[in-house]
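Enquirer: Questions regarding the structure given below will be posed in turn.
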Amino acid sequence: MEEDATLVTREQYIEMLIDASFREASEMESGFTSWCERHVPTWRKLGCDETWIRQRIEMAQLTRGLHRTFKEQGLTMLEMREELRKAYADHPELYDLARERERLHPGLLRYRGNTSDLRQRYTLRVMIYETDKLTYEKFCRWSGLPVPSPDMVFCEQPDAVRVVRDLSTVEELELALAMSRYALHLLDAPEHLTTDQIAPLMEAHGKRLRATFIATYGYRPEDSTTPYVPVTVDGPQDHDAYYGKEYP
């Protein structure tokens, strides 16, 4: 049915649970009972029945144990996600219960972007990084500035933009890549555009991309869900370690 078009699939729902499991595993280190006391009242207010809540708690217990085991085994984040997919595959009833709850209280299965495809997010982060690097080199030639040497480390500027991209969904990263590629195209134009010509072209293209994004996904880019696991050009990062860093 048409109303189901905005709902996540069973596979996407599993990825949502996996993404949440990393957050919950960290939260539960302070105590499983306190975690339950914090979340169960919220689930009840949202209309979740006791069967779903019981299943959810059981899954959280399973998840906590798995995360501890995986860390002891030295698994990478991607390897951990694969093992969690196998574990959740044995509990297909979770999605069915979520669908039933969605019928009574819409919202649980609505989503705002793909946050859990770490491979795709990493690929896009690297592509944006490389495109920005080329764009900067083109800009230096275009403006008459010294061109960076090949061995010079390129840093995206400003740092705030880099952090936003580390925490962007697949859809947001695709939008950023399209903008970066367009800037590279303008700087590479044979007619050598001026600053006064490039600025309005970039603004107009950004508005078109934004309108297309909203028409395609039904929400604004800035309303995308912030993922729990940040992904930098070096790959997925531990949540607590990443957020423990200080950025300007």
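For the structure tokens, the naming scheme is as follows: chains receive sequential letters (A, B, ...) according to their order of presentation, residues are indexed from 1 within each chain, and ligands are indexed from 1 in presentation order.
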Taking the DSSP assignment computed from this structure's backbone, write out as a PyMOL selection string all residues of segment 19-223 of chain A that belong to alpha helix (DSSP H).
Expert: chain A and resi 19-27+32-45+50-73+77-88+93-104+118-143+159-166+170-187+195-217
Enquirer: Need the shell around segment 195-208 of chain A: protein/DNA/RNA residues with any atom at most 12 Å away, counting only C-alpha atoms. Skip same-chain ones fewer than 6 positions apart. Format as a PyMOL selection string?
Expert: chain A and resi 139+142-143+175-189+214-215+220-221
Enquirer: Quick one: residues within 10 Å of Ala20 of chain A, only C-alpha atoms, excluding same-chain residues fewer than 5 positions away - as a list in words?
Expert: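 Here the answer would be Ile14, Glu15, Ala25, Ala60, Thr63, Ser116, Pro227, Tyr228 and Val229 of chain A.
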Enquirer: With DSSP run on the backbone, what are the strand (DSSP E or B) residues within segment 49-248 of chain A? I'd like them as a list in words.
Expert: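 Those residues are Arg110, Val231, Thr232, Gly235 and Pro236 of chain A.
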Enquirer: Would you save the residues from that selection as a PDB file, in the first residue's frame, using C-alpha atoms?
Expert:
```pdb
ATOM      1  CA  ARG A 110       9.538   6.031   9.984  1.00  0.00           C
ATOM      2  CA  VAL A 231      32.376   7.524   9.811  1.00  0.00           C
ATOM      3  CA  THR A 232      35.479   9.498   8.856  1.00  0.00           C
ATOM      4  CA  GLY A 235      36.651   4.509   8.484  1.00  0.00           C
ATOM      5  CA  PRO A 236      34.010   3.918  11.187  1.00  0.00           C
TER       6      PRO A 236
END
```
Enquirer: Within 10 Å of Gly218 of chain A, counting only C-alpha atoms, which residues qualify if same-chain residues fewer than 5 places away don't, as a list in words?
Expert: Thr6, Arg112, Ala211, Thr212 and Phe213 of chain A
Enquirer: Leaving out Gln61 of chain A and any residue of its chain fewer than 5 positions from it, which residues lie within 10 Å of it when counting only C-alpha atoms, given as a PDB file with C-alpha atoms, in the first residue's frame?
Expert:
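Generated output (around-v2.pdb):
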```
ATOM      1  CA  GLU A  24      22.504   0.646  24.095  1.00  0.00           C
ATOM      2  CA  ALA A  25      25.570  -1.484  24.761  1.00  0.00           C
ATOM      3  CA  MET A  28      23.989  -0.531  29.671  1.00  0.00           C
ATOM      4  CA  PHE A  32      21.044  -2.968  32.970  1.00  0.00           C
ATOM      5  CA  GLN A  55      10.971  -9.028  23.391  1.00  0.00           C
ATOM      6  CA  ARG A  56      12.853  -5.733  23.252  1.00  0.00           C
ATOM      7  CA  LEU A  66      27.215 -10.206  22.205  1.00  0.00           C
TER       8      LEU A  66
END
```
Enquirer: So that I can see what lies close to Thr115 of chain A, please list as a list of chain:residue names the residues with an atom at most 9 Å from it, counting only C-alpha atoms and leaving out residues fewer than 3 positions away in the same chain.
Expert: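 Those residues are A:Glu15, A:Met16, A:Asp19, A:Arg112, A:Leu118, A:Arg121, A:Leu167, A:Ser168, A:Thr169, A:Val170, A:Glu171, A:Ser224, A:Thr225, A:Thr226, A:Pro227, A:Tyr228, A:Val229.
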Enquirer: From the options A:Thr135, A:Leu145, A:Tyr217, A:Ile57, which residue's atoms come nearest to Cys36 of chain A, counting only C-alpha atoms?
Expert: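 Going through A:Thr135, A:Leu145, A:Tyr217, A:Ile57 one by one, the smallest distance to Cys36 of chain A is for A:Ile57.
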